[in-house]
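Novice: Next up, query21.txt (compact mmCIF, C-alpha atoms and all ligand atoms).
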# COMPACT_ATOMS: atom_id res chain seq x y z
CA MET A 3 -6.71 135.68 187.52
CA ASP A 4 -9.52 135.42 190.08
CA GLU A 5 -12.26 132.81 189.54
CA GLN A 6 -14.86 135.52 188.91
CA ASN A 7 -13.07 136.95 185.85
CA LYS A 8 -11.73 133.73 184.41
CA PRO A 9 -12.83 133.33 180.79
CA ILE A 10 -15.46 130.67 180.21
CA LEU A 11 -14.59 128.76 177.05
CA VAL A 12 -16.99 126.59 175.07
CA THR A 13 -15.36 123.54 176.57
CA LYS A 14 -12.55 122.44 178.82
CA PRO A 15 -11.07 118.95 178.67
CA PHE A 16 -11.78 116.63 181.59
CA LEU A 17 -8.58 115.69 183.41
CA PRO A 18 -8.41 112.61 185.65
CA GLU A 19 -6.37 112.25 188.87
CA LYS A 20 -2.76 112.99 187.92
CA ASP A 21 -1.42 110.23 190.20
CA LYS A 22 -3.29 107.56 188.31
CA PHE A 23 -2.06 108.85 184.95
CA ASP A 24 1.52 109.09 186.31
CA GLN A 25 1.30 105.49 187.49
CA LEU A 26 0.29 104.27 184.04
CA VAL A 27 3.01 106.39 182.42
CA SER A 28 5.63 104.91 184.79
CA GLY A 29 4.71 101.49 183.45
CA ILE A 30 5.38 102.75 179.92
CA TRP A 31 8.85 103.84 181.07
CA ASP A 32 9.52 100.42 182.60
CA ARG A 33 8.44 98.51 179.50
CA CYS A 34 9.80 100.97 176.94
CA TRP A 35 6.89 99.95 174.73
CA LEU A 36 5.38 103.17 173.38
CA THR A 37 3.04 102.29 170.54
CA ASN A 38 2.05 99.47 168.10
CA ASN A 39 -0.51 97.50 170.13
CA GLY A 40 1.10 97.90 173.53
CA PRO A 41 -0.56 96.58 176.70
CA LEU A 42 -2.35 99.86 177.51
CA VAL A 43 -3.81 100.14 174.01
CA ASN A 44 -4.96 96.53 174.25
CA LYS A 45 -6.49 97.10 177.65
CA LEU A 46 -8.28 100.27 176.54
CA GLU A 47 -9.64 98.49 173.48
CA GLU A 48 -11.02 95.76 175.72
CA LYS A 49 -12.73 98.33 177.95
CA LEU A 50 -14.08 100.29 175.00
CA ARG A 51 -15.42 97.14 173.35
CA ALA A 52 -17.33 96.37 176.52
CA TYR A 53 -18.54 99.97 176.85
CA ILE A 54 -19.78 100.36 173.27
CA GLY A 55 -21.15 96.82 173.16
CA SER A 56 -19.21 95.46 170.20
CA PRO A 57 -16.17 93.20 169.90
CA TYR A 58 -15.27 94.61 166.47
CA PHE A 59 -13.66 97.85 167.54
CA HIS A 60 -10.22 99.45 167.22
CA PHE A 61 -8.75 102.44 169.01
CA LEU A 62 -7.31 104.85 166.42
CA SER A 63 -5.32 108.07 166.24
CA ASN A 64 -8.34 110.31 165.57
CA GLY A 65 -11.93 110.42 164.36
CA THR A 66 -11.08 111.75 160.90
CA ILE A 67 -8.85 108.84 159.99
CA ALA A 68 -11.59 106.57 161.38
CA LEU A 69 -13.96 107.94 158.73
CA GLN A 70 -11.34 107.47 156.00
CA LEU A 71 -10.66 103.93 157.12
CA ALA A 72 -14.39 103.22 157.14
CA MET A 73 -14.78 104.27 153.52
CA LYS A 74 -11.57 102.56 152.44
CA SER A 75 -12.44 99.27 154.08
CA LEU A 76 -15.88 99.22 152.46
CA GLU A 77 -14.26 100.05 149.10
CA VAL A 78 -16.53 103.03 148.63
CA LYS A 79 -16.30 104.54 145.14
CA GLY A 80 -17.94 107.44 143.29
CA GLU A 81 -20.62 109.27 145.24
CA VAL A 82 -21.35 109.36 148.93
CA ILE A 83 -24.64 110.66 150.29
CA THR A 84 -23.95 112.80 153.32
CA THR A 85 -25.14 115.56 155.59
CA PRO A 86 -24.31 119.23 155.15
CA PHE A 87 -24.70 119.82 158.91
CA SER A 88 -21.69 118.33 160.69
CA TYR A 89 -18.09 119.14 161.48
CA VAL A 90 -15.92 119.75 158.43
CA ALA A 91 -14.11 116.41 159.05
CA THR A 92 -17.17 114.52 157.75
CA THR A 93 -17.00 116.14 154.32
CA ASN A 94 -13.22 116.44 154.20
CA SER A 95 -12.70 112.74 154.79
CA ILE A 96 -15.00 111.97 151.83
CA ILE A 97 -13.12 114.36 149.56
CA TRP A 98 -9.75 113.15 150.88
CA GLU A 99 -10.75 109.63 149.81
CA GLY A 100 -11.29 110.93 146.26
CA LEU A 101 -15.08 110.59 146.55
CA ASN A 102 -17.84 113.05 145.69
CA PRO A 103 -20.13 114.17 148.49
CA VAL A 104 -23.79 114.39 147.52
CA PHE A 105 -25.56 116.43 150.18
CA VAL A 106 -29.05 115.74 151.44
CA ASP A 107 -30.68 118.38 153.61
CA ILE A 108 -31.42 117.83 157.29
CA ASP A 109 -34.57 117.47 159.31
CA PRO A 110 -35.47 120.88 160.82
CA ASP A 111 -36.11 119.37 164.26
CA THR A 112 -33.49 116.64 164.79
CA TRP A 113 -30.82 118.39 162.61
CA ASN A 114 -29.82 114.98 161.27
CA ILE A 115 -29.88 113.94 157.59
CA ASP A 116 -33.51 113.71 156.41
CA PRO A 117 -34.10 110.13 155.21
CA GLU A 118 -37.17 111.22 153.24
CA LYS A 119 -34.87 113.18 150.91
CA ILE A 120 -32.23 110.51 150.42
CA GLU A 121 -33.83 108.22 147.85
CA LYS A 122 -34.08 110.81 145.11
CA GLU A 123 -30.34 111.41 145.35
CA ILE A 124 -29.40 107.75 144.95
CA SER A 125 -27.90 106.95 141.55
CA ASN A 126 -25.83 104.11 140.13
CA LYS A 127 -22.78 106.05 141.33
CA THR A 128 -23.85 106.01 144.99
CA SER A 129 -21.84 103.63 147.07
CA ALA A 130 -22.37 104.71 150.69
CA ILE A 131 -24.25 106.95 153.09
CA VAL A 132 -22.17 108.84 155.65
CA ALA A 133 -24.50 110.28 158.28
CA THR A 134 -23.64 112.11 161.49
CA HIS A 135 -25.44 111.61 164.80
CA VAL A 136 -25.41 115.38 165.22
CA PHE A 137 -24.48 116.52 168.74
CA GLY A 138 -24.98 112.89 169.85
CA ASN A 139 -28.61 112.76 168.66
CA PRO A 140 -29.21 109.42 166.87
CA CYS A 141 -30.20 109.63 163.20
CA ASP A 142 -33.40 108.00 162.02
CA VAL A 143 -31.53 104.68 162.09
CA GLN A 144 -34.51 102.54 161.13
CA LYS A 145 -35.32 104.47 157.95
CA LEU A 146 -31.66 104.59 157.03
CA GLU A 147 -31.44 100.84 157.48
CA GLU A 148 -34.43 100.33 155.15
CA ILE A 149 -32.79 102.49 152.47
CA SER A 150 -29.49 100.70 152.96
CA SER A 151 -31.11 97.28 152.43
CA LYS A 152 -33.31 98.38 149.54
CA TYR A 153 -30.39 99.81 147.51
CA ASP A 154 -27.67 97.60 148.98
CA ILE A 155 -25.48 100.50 150.04
CA PRO A 156 -23.66 100.59 153.39
CA VAL A 157 -24.31 103.20 156.08
CA ILE A 158 -21.37 104.69 157.94
CA TYR A 159 -22.30 106.64 161.03
CA ASP A 160 -20.05 109.47 162.07
CA ALA A 161 -20.65 108.87 165.77
CA ALA A 162 -17.94 111.35 166.82
CA HIS A 163 -20.42 112.93 169.25
CA ALA A 164 -22.40 109.85 170.17
CA PHE A 165 -20.09 108.01 172.57
CA GLY A 166 -22.33 106.64 175.32
CA THR A 167 -25.60 107.31 173.46
CA ARG A 168 -28.10 104.45 173.34
CA PHE A 169 -31.23 104.16 171.21
CA LYS A 170 -34.25 101.99 172.08
CA LYS A 171 -32.11 100.38 174.80
CA SER A 172 -29.45 99.34 172.27
CA PRO A 173 -25.94 100.74 172.00
CA ILE A 174 -25.56 103.14 169.09
CA THR A 175 -23.12 100.65 167.53
CA ASP A 176 -26.02 98.27 166.84
CA PHE A 177 -26.95 100.48 163.89
CA GLY A 178 -25.16 100.94 160.57
CA ASP A 179 -22.33 99.00 158.98
CA ILE A 180 -19.59 101.07 160.58
CA ASN A 181 -19.53 103.60 163.42
CA THR A 182 -16.65 106.02 163.88
CA PHE A 183 -15.82 107.91 167.08
CA SER A 184 -13.68 110.87 168.06
CA PHE A 185 -11.87 110.89 171.38
CA HIS A 186 -10.40 114.37 170.91
CA ALA A 187 -9.65 116.43 174.02
CA THR A 188 -12.88 118.40 173.56
CA LYS A 189 -15.09 115.29 173.66
CA LEU A 190 -16.86 114.00 176.76
CA PHE A 191 -14.63 110.92 176.73
CA HIS A 192 -11.16 111.69 175.42
CA THR A 193 -7.69 110.25 174.94
CA ILE A 194 -6.12 113.69 174.19
CA GLU A 195 -6.15 112.89 170.45
CA GLY A 196 -7.88 109.71 169.46
CA GLY A 197 -10.72 107.98 167.72
CA GLY A 198 -12.29 104.62 167.14
CA ILE A 199 -13.86 102.44 164.47
CA GLN A 200 -16.44 99.71 164.98
CA CYS A 201 -18.00 97.45 162.40
CA LYS A 202 -20.97 95.13 162.50
CA ASN A 203 -19.76 92.45 160.08
CA PRO A 204 -17.10 90.22 161.69
CA ASP A 205 -15.72 89.44 158.21
CA LEU A 206 -14.87 93.11 157.67
CA PHE A 207 -12.93 93.46 160.92
CA PRO A 208 -9.70 91.75 159.77
CA LYS A 209 -9.60 94.09 156.80
CA ILE A 210 -9.94 97.16 159.04
CA ASP A 211 -7.25 95.70 161.27
CA LEU A 212 -4.95 95.28 158.29
CA LEU A 213 -5.62 98.70 156.75
CA ARG A 214 -5.04 100.61 159.97
CA ASN A 215 -1.48 99.18 160.15
CA PHE A 216 -0.04 99.84 156.66
CA GLY A 217 -1.66 96.67 155.31
CA TYR A 218 1.08 94.74 157.11
CA ASN A 219 0.23 91.20 158.06
CA GLY A 220 3.60 90.23 159.50
CA LYS A 221 6.34 88.14 157.92
CA TYR A 222 7.49 91.07 155.75
CA ASN A 223 4.23 90.88 153.89
CA PHE A 224 2.23 93.97 152.91
CA GLU A 225 -1.18 92.81 151.69
CA GLU A 226 -2.79 96.11 150.71
CA ALA A 227 -2.10 99.86 150.59
CA GLY A 228 -2.94 100.51 154.24
CA ILE A 229 -2.39 103.60 156.34
CA ASN A 230 -1.10 104.32 159.83
CA ALA A 231 -4.15 104.87 162.04
CA LYS A 232 -2.74 103.46 165.27
CA ASN A 233 -2.63 105.27 168.57
CA SER A 234 -0.02 105.25 171.36
CA GLU A 235 0.38 103.97 174.90
CA PHE A 236 0.33 107.54 176.27
CA HIS A 237 -3.03 108.26 174.69
CA ALA A 238 -4.34 104.92 175.92
CA ALA A 239 -3.19 105.82 179.44
CA MET A 240 -5.37 108.93 179.36
CA GLY A 241 -8.25 106.87 178.02
CA LEU A 242 -7.90 104.25 180.74
CA CYS A 243 -8.09 106.97 183.39
CA ASN A 244 -11.01 108.79 181.76
CA ILE A 245 -13.19 105.78 180.95
CA GLU A 246 -13.72 105.30 184.69
CA HIS A 247 -15.37 108.74 184.87
CA VAL A 248 -17.68 108.60 181.85
CA ALA A 249 -20.87 107.84 183.78
CA LYS A 250 -20.35 110.77 186.13
CA ILE A 251 -19.35 113.09 183.23
CA ILE A 252 -22.62 112.28 181.43
CA GLU A 253 -24.62 112.75 184.66
CA LYS A 254 -23.03 116.17 185.20
CA ARG A 255 -23.81 117.20 181.63
CA LYS A 256 -27.40 116.09 182.08
CA SER A 257 -27.74 118.33 185.10
CA ASP A 258 -26.06 121.23 183.21
CA HIS A 259 -28.63 120.75 180.44
CA GLU A 260 -31.43 120.93 182.98
CA HIS A 261 -30.01 124.12 184.47
CA TYR A 262 -29.64 125.75 181.07
CA ASP A 263 -33.20 124.71 180.12
CA ASN A 264 -34.46 126.24 183.32
CA TYR A 265 -32.52 129.52 183.23
CA LEU A 266 -33.03 130.03 179.50
CA LYS A 267 -36.81 129.54 179.59
CA GLY A 268 -37.47 133.24 178.98
CA ALA A 269 -35.24 133.33 175.89
CA ASN A 270 -37.53 131.04 173.89
CA LEU A 271 -34.74 129.53 171.80
CA GLN A 272 -35.13 126.53 169.52
CA LYS A 273 -33.55 123.30 170.72
CA GLN A 274 -32.73 120.06 168.97
CA THR A 275 -35.45 117.40 169.18
CA ILE A 276 -34.07 114.24 170.71
CA HIS A 277 -36.07 111.05 170.06
CA LYS A 278 -37.79 110.04 173.32
CA GLU A 279 -36.34 106.53 173.22
CA THR A 280 -32.78 107.87 173.33
CA ASP A 281 -30.46 107.52 176.30
CA TYR A 282 -28.75 110.74 175.42
CA ASN A 283 -25.14 111.64 176.26
CA TYR A 284 -25.71 115.42 176.52
CA SER A 285 -22.53 116.04 174.56
CA TYR A 286 -23.27 119.65 173.55
CA TYR A 287 -25.74 122.40 174.46
CA PRO A 288 -26.74 123.94 171.11
CA VAL A 289 -29.44 126.61 170.80
CA VAL A 290 -30.89 128.18 167.66
CA PHE A 291 -31.68 131.90 167.55
CA PRO A 292 -34.50 133.34 165.44
CA THR A 293 -31.97 135.23 163.28
CA GLU A 294 -28.22 135.22 162.62
CA LYS A 295 -28.17 138.88 163.64
CA MET A 296 -29.53 137.97 167.06
CA LEU A 297 -26.94 135.19 167.40
CA LEU A 298 -24.12 137.60 166.56
CA THR A 299 -25.40 140.19 169.04
CA VAL A 300 -25.68 137.60 171.83
CA ALA A 301 -22.27 136.05 171.03
CA LYS A 302 -20.69 139.53 171.14
CA GLU A 303 -22.30 140.32 174.47
CA LEU A 304 -21.10 136.99 175.87
CA GLU A 305 -17.58 137.78 174.62
CA ASN A 306 -17.76 141.20 176.29
CA ASN A 307 -18.17 139.16 179.48
CA SER A 308 -15.30 136.76 178.58
CA ILE A 309 -17.67 133.93 177.65
CA TYR A 310 -16.81 132.16 174.41
CA ALA A 311 -19.65 130.15 172.89
CA ARG A 312 -19.03 128.47 169.50
CA ARG A 313 -20.78 128.30 166.15
CA TYR A 314 -20.71 124.53 165.66
CA PHE A 315 -21.47 123.85 162.75
CA PHE A 316 -20.99 126.91 160.60
CA PRO A 317 -20.82 127.20 157.64
CA SER A 318 -23.12 124.57 156.18
CA LEU A 319 -20.75 122.09 154.51
CA ASN A 320 -22.36 122.34 151.05
CA THR A 321 -21.16 125.95 150.90
CA LEU A 322 -17.45 125.16 151.44
CA LYS A 323 -15.52 126.71 148.59
CA TYR A 324 -13.68 123.51 147.66
CA VAL A 325 -16.78 121.34 147.57
CA ASN A 326 -17.91 120.45 144.10
CA THR A 327 -21.45 119.22 144.51
CA LYS A 328 -24.40 118.99 142.19
CA ASN A 329 -26.99 120.02 144.79
CA ILE A 330 -25.70 123.24 146.24
CA GLU A 331 -28.72 124.67 148.09
CA MET A 332 -29.52 123.07 151.45
CA PRO A 333 -32.02 125.58 152.86
CA ILE A 334 -32.59 123.93 156.23
CA SER A 335 -28.95 123.23 156.99
CA GLN A 336 -27.91 126.68 155.79
CA SER A 337 -30.55 128.35 157.90
CA ILE A 338 -29.82 126.40 161.11
CA SER A 339 -26.10 126.59 160.64
CA LYS A 340 -26.28 130.41 160.55
CA ARG A 341 -28.33 130.53 163.75
CA VAL A 342 -26.92 127.80 165.99
CA LEU A 343 -24.64 128.49 168.93
CA CYS A 344 -23.16 125.92 171.31
CA LEU A 345 -23.03 127.20 174.86
CA PRO A 346 -20.20 126.29 177.26
CA LEU A 347 -20.50 122.75 178.59
CA TYR A 348 -17.84 120.88 180.55
CA PHE A 349 -17.28 119.05 183.80
CA ASP A 350 -15.97 122.03 185.79
CA LEU A 351 -18.73 124.41 184.65
CA THR A 352 -20.63 125.63 187.70
CA GLN A 353 -24.30 126.39 188.17
CA GLU A 354 -23.28 130.03 188.75
CA ASP A 355 -21.55 130.04 185.35
CA ILE A 356 -24.76 128.73 183.76
CA ILE A 357 -26.85 131.37 185.53
CA LYS A 358 -24.46 134.09 184.35
CA ILE A 359 -24.42 132.86 180.73
CA SER A 360 -28.20 132.41 180.64
CA SER A 361 -28.97 135.79 182.14
CA ILE A 362 -26.71 137.59 179.61
CA ILE A 363 -28.54 135.75 176.82
CA CYS A 364 -32.01 136.52 178.21
CA GLN A 365 -31.18 140.19 178.88
CA THR A 366 -29.61 140.70 175.45
CA ILE A 367 -32.66 139.23 173.74
CA LYS A 368 -35.05 141.28 175.90
CA GLY A 369 -33.09 144.50 175.27
CA ARG A 370 -33.59 144.26 171.52
N1 LIG A 401 -16.88 114.12 162.95
C1 LIG A 401 -17.45 115.03 163.74
C2 LIG A 401 -18.94 115.15 163.71
C3 LIG A 401 -16.68 115.83 164.58
O1 LIG A 401 -17.26 116.75 165.38
C4 LIG A 401 -15.28 115.67 164.57
C5 LIG A 401 -14.44 116.49 165.41
C6 LIG A 401 -14.72 114.67 163.74
C7 LIG A 401 -15.57 113.91 162.93
C8 LIG A 401 -13.25 114.42 163.67
O2 LIG A 401 -12.72 113.88 164.87
P1 LIG A 401 -11.16 114.17 165.23
O3 LIG A 401 -10.38 113.86 164.02
O4 LIG A 401 -11.05 115.60 165.69
O5 LIG A 401 -10.91 113.19 166.35
C9 LIG A 401 -12.89 120.60 167.90
C10 LIG A 401 -12.12 119.31 167.77
O6 LIG A 401 -10.77 119.49 167.35
C11 LIG A 401 -12.76 118.28 166.91
O7 LIG A 401 -12.35 117.03 167.42
C12 LIG A 401 -14.29 118.35 166.99
N2 LIG A 401 -14.92 117.40 166.13
C13 LIG A 401 -14.78 119.72 166.62
C14 LIG A 401 -16.28 119.83 166.70
O8 LIG A 401 -14.21 120.67 167.48
P2 LIG A 401 -12.31 123.11 168.05
O9 LIG A 401 -12.21 123.94 166.82
O10 LIG A 401 -13.49 123.36 168.91
O11 LIG A 401 -11.04 123.17 169.02
P3 LIG A 401 -10.48 124.39 169.83
O12 LIG A 401 -9.00 124.24 169.85
O13 LIG A 401 -11.03 125.68 169.35
O14 LIG A 401 -11.02 124.10 171.29
C15 LIG A 401 -12.33 124.40 171.74
C16 LIG A 401 -12.25 124.97 173.15
O15 LIG A 401 -11.71 124.04 174.04
C17 LIG A 401 -11.40 126.22 173.18
O16 LIG A 401 -12.20 127.25 173.65
C18 LIG A 401 -10.28 125.91 174.14
C19 LIG A 401 -10.66 124.61 174.82
N3 LIG A 401 -9.53 123.69 174.86
C20 LIG A 401 -9.21 123.00 173.74
C21 LIG A 401 -8.16 122.12 173.75
C22 LIG A 401 -7.77 121.37 172.49
C23 LIG A 401 -8.82 123.53 176.03
O17 LIG A 401 -9.13 124.18 177.04
N4 LIG A 401 -7.79 122.64 176.06
C24 LIG A 401 -7.42 121.93 174.96
O18 LIG A 401 -6.47 121.12 175.03
O19 LIG A 401 -12.22 121.67 167.40
What does the file become when written as structure tokens?
Ligand code: T4K
Specialist:
Amino acid sequence: MDEQNKPILVTKPFLPEKDKFDQLVSGIWDRCWLTNNGPLVNKLEEKLRAYIGSPYFHFLSNGTIALQLAMKSLEVKGEVITTPFSYVATTNSIIWEGLNPVFVDIDPDTWNIDPEKIEKEISNKTSAIVATHVFGNPCDVQKLEEISSKYDIPVIYDAAHAFGTRFKKSPITDFGDINTFSFHATKLFHTIEGGGIQCKNPDLFPKIDLLRNFGYNGKYNFEEAGINAKNSEFHAAMGLCNIEHVAKIIEKRKSDHEHYDNYLKGANLQKQTIHKETDYNYSYYPVVFPTEKMLLTVAKELENNSIYARRYFFPSLNTLKYVNTKNIEMPISQSISKRVLCLPLYFDLTQEDIIKISSIICQTIKGR
């Protein structure tokens, strides 16, 4: 297929130099040590601890199990206050842990959980807040911290999208009790499949360590009902190659954002408000259309041109059929979720691709 007609997907994983990956994989062959805290996993953890600015971090098998481990290690029970505007993994992990999600609507500008609406949902059954830094945009971390201290409930940040984001010059891991990350192939930093968990309290870290490895503390002793959340040497090898490229990946995304902003000026679409003191990671390029009908028309026209944008995050999580929640209507989340479209964004995306995508969007809107 010639370059011109190649489909443009919403994302395309970054791949490092194959030689470097092969070299690391050869070492795995030599050692015959494939998983369970091998040298590559240990080395990647060291690098990631330095990158995210916290010594209390583990590399895990994915970002969903990271959320489950977060709730398990904090012994969360009963109700969890959470956002209806996130990937389904945020809600599913709560339900999977046998907990009840209590949704709180989002802020119409930042698209993150609205702290002003949290307090009235807190009851004696509430035992945690699980909030997503949506599309890498930091939540109102200060207000959430105040609520957390006032009611003595922990905050878990689903930071799946926020790898590399900083707020007020601090790493995103400075906020909340636990941060969880996803290093899935579609993320700006990836380990094919993978995730991470970081906690603030050093006393909690040994417990996380124990729970991620079956609760096994050696000497044929199983302390607690743990799970297997470990990741392998092969995944770590990909991570060790990719971590070297993160700065340039973020730079490229920043310039893609600027191009989109420029070429989409005429379309007048709503964008997410990013707090001005954020060092943003540009992880997605979401735009909100005035109506769902307009979104569907534009998405169809893009598809007619082999361009596949994605409706992250649709539907609003409070409307999932298996969710049993007391507060079912989340007008802001439901409205944005019906109208938001993430445009293609990845390292190999060219300026010509962006011009093509933007001009189809502008022309489709103008033609209506
Ligand atoms: N919390 C939040 C807020 C999250 O967004 C996520 C995951 C999680 C928690 C859970 O983390 P993990 O347990 O996943 O680590 C993706 C990812 O699977 C998922 O990690 C991600 N968020 C979610 C937002 O999206 P899809 O449905 O986009 O994947 P898929 O297969 O449709 O791929 C998207 C595009 O990328 C396609 O057009 C094809 C292309 N692609 C994809 C893969 C996997 C490739 O070209 N090569 C590939 O290998 O789910």
Novice: Could you please give me, as JSON, numbers by chain, the residues of protein, DNA or RNA lying at most 9 Å from (-29.6, 123.7, 155.7) in the coordinate frame of the file, considering only C-alpha atoms?
Specialist: {"A": [86, 87, 107, 108, 109, 110, 113, 318, 320, 331, 332, 333, 334, 335, 336, 337, 338, 339, 340]}
Novice: Would you mind reading off the distance between CA of Lys127 in chain A and CA of Asp154 in chain A, one decimal, in Å?
Specialist: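 Between CA of Lys127 in chain A and CA of Asp154 in chain A the gap is 12.4 Å.
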Novice: Considering all atoms listed in the file, give me a table of residues in range 288-367 of chain A that are at most 12 Å from range 265-272 of chain A, with the closest atom pair and distance in Å for each, as a tab-separated table.
Specialist:
residue	atom	partner	partner_atom	distance
A:Pro288	CA	A:Gln272	CA	8.9
A:Val289	CA	A:Gln272	CA	5.8
A:Val290	CA	A:Gln272	CA	4.9
A:Phe291	CA	A:Leu271	CA	5.7
A:Pro292	CA	A:Leu271	CA	7.4
A:Thr293	CA	A:Leu271	CA	10.6
A:Met296	CA	A:Leu271	CA	11.0
A:Leu297	CA	A:Leu271	CA	10.6
A:Val300	CA	A:Ala269	CA	11.2
A:Ile338	CA	A:Gln272	CA	9.9
A:Arg341	CA	A:Gln272	CA	9.8
A:Val342	CA	A:Gln272	CA	9.0
A:Leu343	CA	A:Leu271	CA	10.6
A:Leu345	CA	A:Leu266	CA	11.4
A:Gln353	CA	A:Tyr265	CA	10.1
A:Glu354	CA	A:Tyr265	CA	10.8
A:Asp355	CA	A:Tyr265	CA	11.2
A:Ile356	CA	A:Tyr265	CA	7.8
A:Ile357	CA	A:Tyr265	CA	6.4
A:Lys358	CA	A:Tyr265	CA	9.3
A:Ile359	CA	A:Tyr265	CA	9.1
A:Ser360	CA	A:Leu266	CA	5.5
A:Ser361	CA	A:Tyr265	CA	7.3
A:Ile362	CA	A:Leu266	CA	9.9
A:Ile363	CA	A:Ala269	CA	7.2
A:Cys364	CA	A:Ala269	CA	5.1
A:Gln365	CA	A:Ala269	CA	8.5
A:Thr366	CA	A:Ala269	CA	9.3
A:Ile367	CA	A:Ala269	CA	6.8
Novice: Between A:Tyr324, A:Phe191, A:Phe236, A:Tyr58, which residue has the minimum interatomic distance to Phe349 in chain A, considering all atoms listed in the file?
Specialist: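 That would be A:Phe191, the residue with the smallest distance to Phe349 in chain A.
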Novice: From the list A:Lys254, A:Gln144, A:Thr167, A:Ile149, which residue is nearest Lys119 in chain A when using only C-alpha atoms?
Specialist: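 Comparing A:Lys254, A:Gln144, A:Thr167, A:Ile149 against Lys119 in chain A, the winner is A:Ile149.
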Novice: Here is a test: counting all atoms listed in the file, which residue of A:Asn126, A:Gly55, A:Glu260, A:Glu47 is nearest to Phe177 in chain A?
Specialist: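 Smallest separation from Phe177 in chain A among the options: A:Gly55.
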Novice: Could you jot down the CA of Tyr282 in chain A to CA of Asp142 in chain A separation for me, Å, one decimal place?
Specialist: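 Computing the Euclidean distance for CA of Tyr282 in chain A and CA of Asp142 in chain A yields 14.4 Å.
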Novice: N, CA and C atoms for range 316-330 of chain A, written as a PDB file, keeping the file's coordinate frame, could you do that?
Specialist:
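In the end it all went to selection.pdb:
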ATOM      1  N   PHE A 316     -20.871 125.809 161.556  1.00  0.00           N
ATOM      2  CA  PHE A 316     -20.990 126.910 160.600  1.00  0.00           C
ATOM      3  C   PHE A 316     -19.678 126.999 159.855  1.00  0.00           C
ATOM      4  N   PRO A 317     -19.658 127.116 158.522  1.00  0.00           N
ATOM      5  CA  PRO A 317     -20.820 127.200 157.640  1.00  0.00           C
ATOM      6  C   PRO A 317     -21.363 125.804 157.297  1.00  0.00           C
ATOM      7  N   SER A 318     -22.550 125.816 156.683  1.00  0.00           N
ATOM      8  CA  SER A 318     -23.120 124.570 156.180  1.00  0.00           C
ATOM      9  C   SER A 318     -22.124 123.984 155.161  1.00  0.00           C
ATOM     10  N   LEU A 319     -21.873 122.672 155.255  1.00  0.00           N
ATOM     11  CA  LEU A 319     -20.750 122.090 154.510  1.00  0.00           C
ATOM     12  C   LEU A 319     -20.908 122.157 152.987  1.00  0.00           C
ATOM     13  N   ASN A 320     -22.159 122.243 152.490  1.00  0.00           N
ATOM     14  CA  ASN A 320     -22.360 122.340 151.050  1.00  0.00           C
ATOM     15  C   ASN A 320     -21.870 123.667 150.495  1.00  0.00           C
ATOM     16  N   THR A 321     -21.596 124.631 151.382  1.00  0.00           N
ATOM     17  CA  THR A 321     -21.160 125.950 150.900  1.00  0.00           C
ATOM     18  C   THR A 321     -19.625 126.114 150.964  1.00  0.00           C
ATOM     19  N   LEU A 322     -18.921 125.073 151.404  1.00  0.00           N
ATOM     20  CA  LEU A 322     -17.450 125.160 151.440  1.00  0.00           C
ATOM     21  C   LEU A 322     -16.926 125.421 150.034  1.00  0.00           C
ATOM     22  N   LYS A 323     -15.934 126.305 149.938  1.00  0.00           N
ATOM     23  CA  LYS A 323     -15.520 126.710 148.590  1.00  0.00           C
ATOM     24  C   LYS A 323     -14.884 125.579 147.776  1.00  0.00           C
ATOM     25  N   TYR A 324     -14.335 124.573 148.427  1.00  0.00           N
ATOM     26  CA  TYR A 324     -13.680 123.510 147.660  1.00  0.00           C
ATOM     27  C   TYR A 324     -14.591 122.321 147.387  1.00  0.00           C
ATOM     28  N   VAL A 325     -15.851 122.446 147.801  1.00  0.00           N
ATOM     29  CA  VAL A 325     -16.780 121.340 147.570  1.00  0.00           C
ATOM     30  C   VAL A 325     -17.435 121.489 146.208  1.00  0.00           C
ATOM     31  N   ASN A 326     -17.330 120.429 145.421  1.00  0.00           N
ATOM     32  CA  ASN A 326     -17.910 120.450 144.100  1.00  0.00           C
ATOM     33  C   ASN A 326     -19.109 119.511 144.133  1.00  0.00           C
ATOM     34  N   THR A 327     -20.286 120.082 144.341  1.00  0.00           N
ATOM     35  CA  THR A 327     -21.450 119.220 144.510  1.00  0.00           C
ATOM     36  C   THR A 327     -22.564 119.639 143.571  1.00  0.00           C
ATOM     37  N   LYS A 328     -23.362 118.655 143.167  1.00  0.00           N
ATOM     38  CA  LYS A 328     -24.400 118.990 142.190  1.00  0.00           C
ATOM     39  C   LYS A 328     -25.603 119.680 142.854  1.00  0.00           C
ATOM     40  N   ASN A 329     -25.833 119.394 144.133  1.00  0.00           N
ATOM     41  CA  ASN A 329     -26.990 120.020 144.790  1.00  0.00           C
ATOM     42  C   ASN A 329     -26.503 121.023 145.836  1.00  0.00           C
ATOM     43  N   ILE A 330     -26.406 122.264 145.433  1.00  0.00           N
ATOM     44  CA  ILE A 330     -25.700 123.240 146.240  1.00  0.00           C
ATOM     45  C   ILE A 330     -26.571 123.887 147.330  1.00  0.00           C
TER      46      ILE A 330
END
